[in-house]
Amino acid sequence: MELKWLEDFVSLARTGSFSRSAEERHVTQSAFSRRVQALEGWLGVSLIDRSTYPTTLTAAGREFRETAEEAVRMLHGSRTALQASVGTSKGLVSVAALHTLALTFFPRWFRQIEARTGSLGSRLLPDDFHNCIQAAAEGGYDFLLTFCHPSVPILLDPGQFPHHMVGADSLVPVRSATLTGESTALPLLSYAQNSFLGRVVTFAQAQADSPPPAISHTNENAMAEALKFMALEGHGLAWLPRSLVMRELAEGQLIATGEEIALEVRLYRNAGHRRATVAAVWEAAGVLAAETMQDPNKVD
């Protein structure tokens, strides 16, 4: 049993639509349907009458709905109370961040934040784009640190989740220096299609005139770090964040083979989290972002 299964069912019971609930829950419709089926499998009964449209609940579904709603309310309420207590007493802020940003951006950026706020505690969730968005949307984290590109919409309510542009990066196509021949003939080391970087690369390839390269390896965990080491070992060409491969490019282990794709680094805040520590970090992030706009080298 997973909490998200209950949250999915509560959403579906309210909307009566798999597609609307999947969008609300920031997952594909097929993934959403599998999670509802997993809940039904765990319970051993059918909750949804799939023979009707709009979707309706079975008798068991109607009976279970109140239990699911109450369980979700109680768990979220307890989590919020516990986090508020811990956060207030220890000056703790929580950040959901894409894997790469957790490694390459967050440590230095957070040190510069602390230079303005004083010492802070942090709880960091390094994860993929979908899980970070979901963690932010469900209210479990104060901040979301993510890349941003026009090809990948970030479906968060701007009133509830304002943002600062806190940095910049780029995706650069790279290959091992040990490989010879035309880069266009190299197989592609690919991200999972539904990952953030995977969707940006797919968009870039769709804009190109040349046919898409053959894919030799797909990293289903959407971790750029894994593709970086595959590229270093000569398995093919990979699109990687420049911040992740700066040293390897400078030392000649990797070679850039084409135009880069500009990425923003954005910090989103949950506006419902009003602790003084959260407000102080948000204010400091805004000041640092303004300074960075004037001096792009301030935060790499």
# chains A, B, ... in the order shown; residues from 1 in each chain; ligands from 1

$ residues_around --residues "Leu145 of chain A" --least-positions-apart "3" --cutoff "9 Å" --atoms "only C-alpha atoms" --output "list in words"
Val95, Ala96, Ala97, Leu98, Leu101, Ala102, Phe106, Cys132, Val265, Arg266, Leu267 and Tyr268 of chain A

$ write_last_selection --atoms "N, CA, C and O atoms" --output "JSON list (two decimals), in the first residue's frame"
[["chain", "number", "residue", "atom", "x", "y", "z"],
["A", 95, "VAL", "N", 14.13, 20.93, 0.52],
["A", 95, "VAL", "CA", 14.24, 21.24, -0.90],
["A", 95, "VAL", "C", 14.19, 19.95, -1.70],
["A", 95, "VAL", "O", 14.98, 19.02, -1.46],
["A", 96, "ALA", "N", 13.27, 19.88, -2.65],
["A", 96, "ALA", "CA", 13.26, 18.79, -3.64],
["A", 96, "ALA", "C", 14.03, 19.29, -4.86],
["A", 96, "ALA", "O", 13.73, 20.35, -5.39],
["A", 97, "ALA", "N", 15.03, 18.54, -5.30],
["A", 97, "ALA", "CA", 15.91, 19.02, -6.37],
["A", 97, "ALA", "C", 16.21, 17.90, -7.36],
["A", 97, "ALA", "O", 16.36, 16.73, -6.97],
["A", 98, "LEU", "N", 16.30, 18.26, -8.63],
["A", 98, "LEU", "CA", 16.73, 17.29, -9.63],
["A", 98, "LEU", "C", 18.12, 16.77, -9.26],
["A", 98, "LEU", "O", 18.93, 17.48, -8.69],
["A", 101, "LEU", "N", 21.17, 18.97, -10.17],
["A", 101, "LEU", "CA", 21.23, 20.21, -9.41],
["A", 101, "LEU", "C", 21.61, 19.95, -7.96],
["A", 101, "LEU", "O", 22.29, 20.77, -7.33],
["A", 102, "ALA", "N", 21.18, 18.82, -7.42],
["A", 102, "ALA", "CA", 21.56, 18.47, -6.05],
["A", 102, "ALA", "C", 23.07, 18.29, -5.93],
["A", 102, "ALA", "O", 23.66, 18.58, -4.90],
["A", 106, "PHE", "N", 23.30, 22.95, -5.87],
["A", 106, "PHE", "CA", 22.79, 23.21, -4.53],
["A", 106, "PHE", "C", 23.88, 23.51, -3.50],
["A", 106, "PHE", "O", 23.73, 24.47, -2.72],
["A", 132, "CYS", "N", 9.99, 15.06, -8.01],
["A", 132, "CYS", "CA", 10.21, 16.37, -7.39],
["A", 132, "CYS", "C", 8.98, 17.25, -7.52],
["A", 132, "CYS", "O", 8.58, 17.93, -6.56],
["A", 265, "VAL", "N", 17.76, 27.64, -14.29],
["A", 265, "VAL", "CA", 17.65, 26.97, -13.00],
["A", 265, "VAL", "C", 16.67, 27.79, -12.18],
["A", 265, "VAL", "O", 16.88, 28.98, -11.95],
["A", 266, "ARG", "N", 15.58, 27.16, -11.77],
["A", 266, "ARG", "CA", 14.53, 27.87, -11.05],
["A", 266, "ARG", "C", 14.34, 27.31, -9.64],
["A", 266, "ARG", "O", 14.44, 26.10, -9.42],
["A", 267, "LEU", "N", 14.04, 28.22, -8.72],
["A", 267, "LEU", "CA", 13.67, 27.84, -7.37],
["A", 267, "LEU", "C", 12.19, 28.20, -7.17],
["A", 267, "LEU", "O", 11.81, 29.37, -7.29],
["A", 268, "TYR", "N", 11.37, 27.20, -6.92],
["A", 268, "TYR", "CA", 9.96, 27.41, -6.63],
["A", 268, "TYR", "C", 9.73, 27.31, -5.12],
["A", 268, "TYR", "O", 10.31, 26.45, -4.45]]

$ residues_around --residues "segment 235-237 of chain A" --least-positions-apart "5" --cutoff "8 Å" --atoms "only C-alpha atoms" --output "PyMOL selection string"
chain A and resi 173-176+183+186-189+216+230

$ residues_around --residues "Arg62 of chain A" --least-positions-apart "2" --cutoff "12 Å" --atoms "only C-alpha atoms" --output "list in words"
Phe9, Val10, Leu12, Ala13, Arg14, Val45, Ser46, Leu47, Ile48, Asp49, Thr56, Leu57, Thr58, Ala59, Ala60, Phe64, Arg65, Glu66, Thr67, Ala68 and Glu69 of chain A

$ write_last_selection --atoms "all heavy atoms" --output "short mmCIF file (atom, residue, chain, number, x, y, z; two decimals), in the first residue's frame"
data_model
loop_
_atom_site.label_atom_id
_atom_site.label_comp_id
_atom_site.auth_asym_id
_atom_site.auth_seq_id
_atom_site.Cartn_x
_atom_site.Cartn_y
_atom_site.Cartn_z
N PHE A 9 -6.91 7.67 -5.89
CA PHE A 9 -8.31 7.26 -5.83
C PHE A 9 -9.21 8.41 -5.39
O PHE A 9 -10.30 8.61 -5.95
CB PHE A 9 -8.46 6.08 -4.87
CG PHE A 9 -9.89 5.69 -4.60
CD1 PHE A 9 -10.68 5.14 -5.59
CD2 PHE A 9 -10.45 5.91 -3.34
CE1 PHE A 9 -12.00 4.80 -5.35
CE2 PHE A 9 -11.77 5.58 -3.09
CZ PHE A 9 -12.56 5.02 -4.10
N VAL A 10 -8.78 9.18 -4.41
CA VAL A 10 -9.56 10.33 -3.95
C VAL A 10 -9.75 11.33 -5.09
O VAL A 10 -10.83 11.88 -5.30
CB VAL A 10 -8.88 10.99 -2.74
CG1 VAL A 10 -9.52 12.34 -2.42
CG2 VAL A 10 -8.98 10.07 -1.52
N LEU A 12 -9.66 10.68 -8.36
CA LEU A 12 -10.53 10.09 -9.37
C LEU A 12 -11.99 10.10 -8.92
O LEU A 12 -12.91 10.35 -9.72
CB LEU A 12 -10.07 8.66 -9.67
CG LEU A 12 -10.85 7.91 -10.76
CD1 LEU A 12 -10.81 8.67 -12.08
CD2 LEU A 12 -10.28 6.50 -10.93
N ALA A 13 -12.22 9.83 -7.64
CA ALA A 13 -13.59 9.87 -7.12
C ALA A 13 -14.18 11.26 -7.25
O ALA A 13 -15.39 11.42 -7.46
CB ALA A 13 -13.59 9.42 -5.66
N ARG A 14 -13.32 12.28 -7.13
CA ARG A 14 -13.79 13.66 -7.22
C ARG A 14 -14.02 14.11 -8.66
O ARG A 14 -15.02 14.74 -8.98
CB ARG A 14 -12.80 14.59 -6.55
CG ARG A 14 -13.28 16.04 -6.48
CD ARG A 14 -12.26 16.97 -5.83
NE ARG A 14 -11.10 17.16 -6.67
CZ ARG A 14 -9.93 16.58 -6.48
NH1 ARG A 14 -9.75 15.77 -5.46
NH2 ARG A 14 -8.92 16.80 -7.31
N VAL A 45 -10.80 -5.85 -4.31
CA VAL A 45 -12.13 -5.53 -4.85
C VAL A 45 -11.98 -4.47 -5.94
O VAL A 45 -10.98 -3.75 -6.00
CB VAL A 45 -13.08 -4.97 -3.76
CG1 VAL A 45 -13.35 -6.02 -2.69
CG2 VAL A 45 -12.53 -3.70 -3.14
N SER A 46 -12.99 -4.38 -6.82
CA SER A 46 -13.01 -3.33 -7.84
C SER A 46 -13.62 -2.07 -7.25
O SER A 46 -14.71 -2.12 -6.65
CB SER A 46 -13.82 -3.79 -9.06
OG SER A 46 -13.20 -4.88 -9.70
N LEU A 47 -12.92 -0.97 -7.40
CA LEU A 47 -13.41 0.31 -6.90
C LEU A 47 -14.07 1.15 -7.98
O LEU A 47 -14.88 2.03 -7.69
CB LEU A 47 -12.25 1.11 -6.29
CG LEU A 47 -11.50 0.45 -5.13
CD1 LEU A 47 -10.28 1.30 -4.75
CD2 LEU A 47 -12.42 0.27 -3.93
N ILE A 48 -13.69 0.91 -9.24
CA ILE A 48 -14.12 1.73 -10.36
C ILE A 48 -14.96 0.91 -11.32
O ILE A 48 -14.58 -0.20 -11.71
CB ILE A 48 -12.90 2.31 -11.11
CG1 ILE A 48 -11.93 2.98 -10.14
CG2 ILE A 48 -13.36 3.29 -12.19
CD1 ILE A 48 -12.53 4.13 -9.35
N ASP A 49 -16.11 1.47 -11.73
CA ASP A 49 -16.92 0.87 -12.78
C ASP A 49 -16.46 1.44 -14.11
O ASP A 49 -16.77 2.57 -14.46
CB ASP A 49 -18.41 1.20 -12.54
CG ASP A 49 -19.31 0.51 -13.56
OD1 ASP A 49 -18.77 -0.07 -14.54
OD2 ASP A 49 -20.54 0.58 -13.41
N THR A 56 -17.56 6.05 -12.79
CA THR A 56 -18.30 6.01 -11.53
C THR A 56 -17.66 4.98 -10.60
O THR A 56 -16.90 4.11 -11.04
CB THR A 56 -19.78 5.64 -11.75
OG1 THR A 56 -19.84 4.35 -12.38
CG2 THR A 56 -20.47 6.68 -12.62
N LEU A 57 -17.98 5.10 -9.33
CA LEU A 57 -17.47 4.15 -8.34
C LEU A 57 -18.41 2.97 -8.21
O LEU A 57 -19.64 3.09 -8.35
CB LEU A 57 -17.34 4.84 -6.98
CG LEU A 57 -16.44 6.08 -6.91
CD1 LEU A 57 -16.40 6.60 -5.47
CD2 LEU A 57 -15.03 5.79 -7.41
N THR A 58 -17.84 1.83 -7.93
CA THR A 58 -18.65 0.67 -7.59
C THR A 58 -19.18 0.86 -6.17
O THR A 58 -18.82 1.82 -5.46
CB THR A 58 -17.81 -0.62 -7.64
OG1 THR A 58 -16.76 -0.51 -6.66
CG2 THR A 58 -17.19 -0.81 -9.02
N ALA A 59 -20.03 -0.06 -5.73
CA ALA A 59 -20.54 0.01 -4.36
C ALA A 59 -19.37 -0.04 -3.37
O ALA A 59 -19.35 0.69 -2.38
CB ALA A 59 -21.52 -1.14 -4.11
N ALA A 60 -18.38 -0.90 -3.65
CA ALA A 60 -17.20 -0.98 -2.78
C ALA A 60 -16.41 0.32 -2.83
O ALA A 60 -15.88 0.78 -1.81
CB ALA A 60 -16.33 -2.16 -3.21
N PHE A 64 -15.49 2.74 0.25
CA PHE A 64 -14.09 2.96 0.61
C PHE A 64 -13.70 4.43 0.50
O PHE A 64 -12.72 4.86 1.13
CB PHE A 64 -13.20 2.12 -0.31
CG PHE A 64 -11.72 2.22 -0.01
CD1 PHE A 64 -11.20 1.75 1.19
CD2 PHE A 64 -10.86 2.81 -0.91
CE1 PHE A 64 -9.85 1.84 1.47
CE2 PHE A 64 -9.51 2.91 -0.64
CZ PHE A 64 -9.00 2.42 0.54
N ARG A 65 -14.44 5.23 -0.25
CA ARG A 65 -14.04 6.61 -0.51
C ARG A 65 -13.86 7.41 0.79
O ARG A 65 -12.86 8.11 0.96
CB ARG A 65 -15.08 7.30 -1.39
CG ARG A 65 -14.74 8.77 -1.67
CD ARG A 65 -15.75 9.41 -2.60
NE ARG A 65 -15.40 10.79 -2.89
CZ ARG A 65 -16.07 11.57 -3.73
NH1 ARG A 65 -17.12 11.09 -4.40
NH2 ARG A 65 -15.67 12.83 -3.92
N GLU A 66 -14.80 7.29 1.71
CA GLU A 66 -14.70 8.06 2.95
C GLU A 66 -13.47 7.65 3.75
O GLU A 66 -12.77 8.49 4.32
CB GLU A 66 -15.97 7.86 3.79
CG GLU A 66 -15.97 8.67 5.07
CD GLU A 66 -17.27 8.53 5.85
OE1 GLU A 66 -18.22 7.95 5.31
OE2 GLU A 66 -17.31 8.97 7.01
N THR A 67 -13.18 6.32 3.77
CA THR A 67 -11.98 5.85 4.48
C THR A 67 -10.71 6.42 3.85
O THR A 67 -9.81 6.87 4.56
CB THR A 67 -11.93 4.31 4.43
OG1 THR A 67 -13.09 3.78 5.08
CG2 THR A 67 -10.67 3.78 5.12
N ALA A 68 -10.66 6.41 2.52
CA ALA A 68 -9.48 6.93 1.82
C ALA A 68 -9.30 8.41 2.08
O ALA A 68 -8.18 8.88 2.35
CB ALA A 68 -9.61 6.66 0.32
N GLU A 69 -10.38 9.19 2.00
CA GLU A 69 -10.28 10.63 2.22
C GLU A 69 -9.82 10.94 3.64
O GLU A 69 -8.99 11.83 3.85
CB GLU A 69 -11.64 11.29 1.94
CG GLU A 69 -12.01 11.29 0.46
CD GLU A 69 -13.41 11.82 0.22
OE1 GLU A 69 -14.23 11.81 1.17
OE2 GLU A 69 -13.70 12.23 -0.92
#

$ select_by_dssp --residues "segment 57-294 of chain A" --states "strand (DSSP E)" --output "VMD selection string"
chain A and resid 57 92 to 98 121 to 127 143 to 148 163 to 176 188 to 191 215 to 219 237 to 241 254 to 256 261 to 269

$ write_last_selection --atoms "C-alpha atoms" --output "PDB file, in the first residue's frame"
ATOM      1  CA  LEU A  57     -17.469   4.153  -8.341  1.00  0.00           C
ATOM      2  CA  LEU A  92      15.287  23.557   8.804  1.00  0.00           C
ATOM      3  CA  VAL A  93      14.284  24.067   5.168  1.00  0.00           C
ATOM      4  CA  SER A  94      13.395  21.248   2.795  1.00  0.00           C
ATOM      5  CA  VAL A  95      14.244  21.240  -0.899  1.00  0.00           C
ATOM      6  CA  ALA A  96      13.259  18.793  -3.637  1.00  0.00           C
ATOM      7  CA  ALA A  97      15.914  19.019  -6.370  1.00  0.00           C
ATOM      8  CA  LEU A  98      16.731  17.286  -9.626  1.00  0.00           C
ATOM      9  CA  GLY A 121      19.630  23.071   8.391  1.00  0.00           C
ATOM     10  CA  SER A 122      18.453  21.514   5.131  1.00  0.00           C
ATOM     11  CA  ARG A 123      16.621  18.391   4.073  1.00  0.00           C
ATOM     12  CA  LEU A 124      17.339  17.582   0.434  1.00  0.00           C
ATOM     13  CA  LEU A 125      15.403  15.196  -1.818  1.00  0.00           C
ATOM     14  CA  PRO A 126      17.471  14.403  -4.940  1.00  0.00           C
ATOM     15  CA  ASP A 127      15.070  12.788  -7.404  1.00  0.00           C
ATOM     16  CA  PHE A 143      11.187  24.534  -2.169  1.00  0.00           C
ATOM     17  CA  LEU A 144      11.627  22.908  -5.569  1.00  0.00           C
ATOM     18  CA  LEU A 145      14.923  23.343  -7.433  1.00  0.00           C
ATOM     19  CA  THR A 146      14.602  22.414 -11.092  1.00  0.00           C
ATOM     20  CA  PHE A 147      15.787  23.078 -14.593  1.00  0.00           C
ATOM     21  CA  CYS A 148      13.347  24.889 -16.853  1.00  0.00           C
ATOM     22  CA  HIS A 163       9.628  31.174  -8.536  1.00  0.00           C
ATOM     23  CA  HIS A 164      12.988  32.900  -8.840  1.00  0.00           C
ATOM     24  CA  MET A 165      15.425  32.254 -11.672  1.00  0.00           C
ATOM     25  CA  VAL A 166      18.499  31.448  -9.587  1.00  0.00           C
ATOM     26  CA  GLY A 167      20.954  30.259 -12.195  1.00  0.00           C
ATOM     27  CA  ALA A 168      21.608  29.002 -15.706  1.00  0.00           C
ATOM     28  CA  ASP A 169      23.039  25.881 -17.286  1.00  0.00           C
ATOM     29  CA  SER A 170      22.956  24.216 -20.694  1.00  0.00           C
ATOM     30  CA  LEU A 171      22.705  20.793 -22.255  1.00  0.00           C
ATOM     31  CA  VAL A 172      25.758  20.003 -24.357  1.00  0.00           C
ATOM     32  CA  PRO A 173      26.217  16.976 -26.657  1.00  0.00           C
ATOM     33  CA  VAL A 174      29.463  15.233 -25.725  1.00  0.00           C
ATOM     34  CA  ARG A 175      31.469  12.170 -26.714  1.00  0.00           C
ATOM     35  CA  SER A 176      34.566  10.500 -25.382  1.00  0.00           C
ATOM     36  CA  LEU A 188      22.797   8.076 -28.603  1.00  0.00           C
ATOM     37  CA  LEU A 189      22.924   7.495 -24.855  1.00  0.00           C
ATOM     38  CA  SER A 190      19.339   8.329 -24.012  1.00  0.00           C
ATOM     39  CA  TYR A 191      17.352   9.457 -20.994  1.00  0.00           C
ATOM     40  CA  ILE A 215      19.841   4.654 -29.373  1.00  0.00           C
ATOM     41  CA  SER A 216      22.404   2.321 -27.854  1.00  0.00           C
ATOM     42  CA  HIS A 217      21.499   2.701 -24.202  1.00  0.00           C
ATOM     43  CA  THR A 218      18.606   4.157 -22.242  1.00  0.00           C
ATOM     44  CA  ASN A 219      19.014   5.167 -18.622  1.00  0.00           C
ATOM     45  CA  LEU A 237      27.051  10.484 -27.538  1.00  0.00           C
ATOM     46  CA  ALA A 238      25.186  11.981 -24.574  1.00  0.00           C
ATOM     47  CA  TRP A 239      23.464  15.297 -23.937  1.00  0.00           C
ATOM     48  CA  LEU A 240      24.655  16.354 -20.490  1.00  0.00           C
ATOM     49  CA  PRO A 241      24.358  19.467 -18.308  1.00  0.00           C
ATOM     50  CA  LEU A 254      34.996  14.595 -23.273  1.00  0.00           C
ATOM     51  CA  ILE A 255      34.548  16.642 -26.437  1.00  0.00           C
ATOM     52  CA  ALA A 256      31.558  18.898 -27.146  1.00  0.00           C
ATOM     53  CA  ILE A 261      20.561  24.042 -25.312  1.00  0.00           C
ATOM     54  CA  ALA A 262      20.119  26.809 -22.748  1.00  0.00           C
ATOM     55  CA  LEU A 263      18.430  25.875 -19.462  1.00  0.00           C
ATOM     56  CA  GLU A 264      17.207  28.036 -16.605  1.00  0.00           C
ATOM     57  CA  VAL A 265      17.649  26.967 -13.003  1.00  0.00           C
ATOM     58  CA  ARG A 266      14.527  27.873 -11.046  1.00  0.00           C
ATOM     59  CA  LEU A 267      13.665  27.845  -7.366  1.00  0.00           C
ATOM     60  CA  TYR A 268       9.957  27.408  -6.626  1.00  0.00           C
ATOM     61  CA  ARG A 269       8.540  28.168  -3.190  1.00  0.00           C
TER      62      ARG A 269
END

$ select_by_dssp --residues "segment 56-294 of chain A" --states "helix (DSSP H, G or I)" --output "NGL selection string"
:A and (59-90 or 99-104 or 106-117 or 129-137 or 183-185 or 196-207 or 224-232 or 242-250 or 276-294)

$ atom_distance --atom1 "atom CA of Ser119 of chain A" --atom2 "atom CA of Gly91 of chain A"
8.4 Å

$ closest_residue --among "A:Thr100, A:Pro162, A:Ala38, A:Arg25" --to "Asp142 of chain A" --atoms "only C-alpha atoms"
A:Pro162

$ atom_distance --atom1 "atom CA of Gly159 of chain A" --atom2 "atom CA of Ala271 of chain A"
7.8 Å

$ closest_residue --among "A:Gln193, A:Asn270, A:Thr277, A:Thr117" --to "Gln160 of chain A" --atoms "only C-alpha atoms"
A:Asn270

$ closest_residue --among "A:Leu39, A:Ala185, A:Val72, A:Ala31" --to "Glu7 of chain A" --atoms "only C-alpha atoms"
A:Val72

$ residues_around --residues "Ser11 of chain A" --least-positions-apart "4" --cutoff "9 Å" --atoms "only C-alpha atoms" --output "PyMOL selection string"
chain A and resi 6-7+15-17+20-22+24-25

$ write_last_selection --atoms "all heavy atoms" --output "compact mmCIF listing (two decimals), in the first residue's frame"
# COMPACT_ATOMS: atom_id res chain seq x y z
N LEU A 6 -3.89 6.03 -2.54
CA LEU A 6 -5.09 6.61 -1.92
C LEU A 6 -5.37 7.99 -2.49
O LEU A 6 -6.53 8.34 -2.77
CB LEU A 6 -4.91 6.69 -0.41
CG LEU A 6 -4.78 5.37 0.36
CD1 LEU A 6 -4.54 5.65 1.84
CD2 LEU A 6 -6.04 4.52 0.18
N GLU A 7 -4.32 8.79 -2.66
CA GLU A 7 -4.50 10.15 -3.21
C GLU A 7 -5.03 10.09 -4.64
O GLU A 7 -5.87 10.90 -5.04
CB GLU A 7 -3.17 10.91 -3.14
CG GLU A 7 -2.72 11.17 -1.72
CD GLU A 7 -1.29 11.69 -1.65
OE1 GLU A 7 -0.46 11.32 -2.51
OE2 GLU A 7 -0.99 12.47 -0.72
N THR A 15 -13.08 13.78 -9.56
CA THR A 15 -13.17 14.28 -10.93
C THR A 15 -14.00 13.41 -11.85
O THR A 15 -14.60 13.89 -12.82
CB THR A 15 -11.76 14.41 -11.55
OG1 THR A 15 -11.20 13.09 -11.73
CG2 THR A 15 -10.85 15.24 -10.68
N GLY A 16 -14.04 12.09 -11.56
CA GLY A 16 -14.75 11.18 -12.45
C GLY A 16 -14.06 11.01 -13.79
O GLY A 16 -14.67 10.54 -14.75
N SER A 17 -12.78 11.38 -13.88
CA SER A 17 -12.07 11.33 -15.16
C SER A 17 -10.63 10.89 -14.93
O SER A 17 -9.89 11.53 -14.19
CB SER A 17 -12.09 12.71 -15.84
OG SER A 17 -11.17 12.76 -16.91
N ARG A 20 -8.25 13.76 -16.38
CA ARG A 20 -8.12 14.95 -15.55
C ARG A 20 -7.37 14.65 -14.26
O ARG A 20 -6.55 15.45 -13.80
CB ARG A 20 -9.51 15.52 -15.21
CG ARG A 20 -10.20 16.18 -16.39
CD ARG A 20 -11.23 17.19 -15.93
NE ARG A 20 -12.27 16.61 -15.08
CZ ARG A 20 -13.36 16.03 -15.53
NH1 ARG A 20 -13.58 15.93 -16.85
NH2 ARG A 20 -14.26 15.53 -14.70
N SER A 21 -7.62 13.50 -13.66
CA SER A 21 -6.92 13.15 -12.43
C SER A 21 -5.44 12.88 -12.70
O SER A 21 -4.58 13.24 -11.88
CB SER A 21 -7.57 11.93 -11.77
OG SER A 21 -8.78 12.29 -11.14
N ALA A 22 -5.12 12.26 -13.82
CA ALA A 22 -3.72 12.02 -14.16
C ALA A 22 -2.98 13.34 -14.31
O ALA A 22 -1.85 13.50 -13.83
CB ALA A 22 -3.62 11.21 -15.45
N GLU A 24 -3.87 16.20 -12.90
CA GLU A 24 -3.82 16.79 -11.56
C GLU A 24 -2.71 16.17 -10.72
O GLU A 24 -2.07 16.85 -9.92
CB GLU A 24 -5.17 16.58 -10.89
CG GLU A 24 -5.31 17.12 -9.50
CD GLU A 24 -6.69 16.85 -8.91
OE1 GLU A 24 -7.62 17.64 -9.19
OE2 GLU A 24 -6.85 15.85 -8.20
N ARG A 25 -2.46 14.88 -10.94
CA ARG A 25 -1.47 14.15 -10.15
C ARG A 25 -0.09 14.14 -10.80
O ARG A 25 0.83 13.49 -10.31
CB ARG A 25 -1.95 12.71 -9.92
CG ARG A 25 -3.28 12.62 -9.17
CD ARG A 25 -3.11 12.88 -7.71
NE ARG A 25 -2.32 11.86 -7.08
CZ ARG A 25 -1.51 12.05 -6.05
NH1 ARG A 25 -1.38 13.25 -5.52
NH2 ARG A 25 -0.81 11.05 -5.52

$ atom_distance --atom1 "atom CA of Ile113 of chain A" --atom2 "atom CA of Ala284 of chain A"
5.9 Å

$ closest_residue --among "A:Phe203, A:Phe110, A:Phe105, A:Phe129" --to "Pro150 of chain A" --atoms "only C-alpha atoms"
A:Phe203
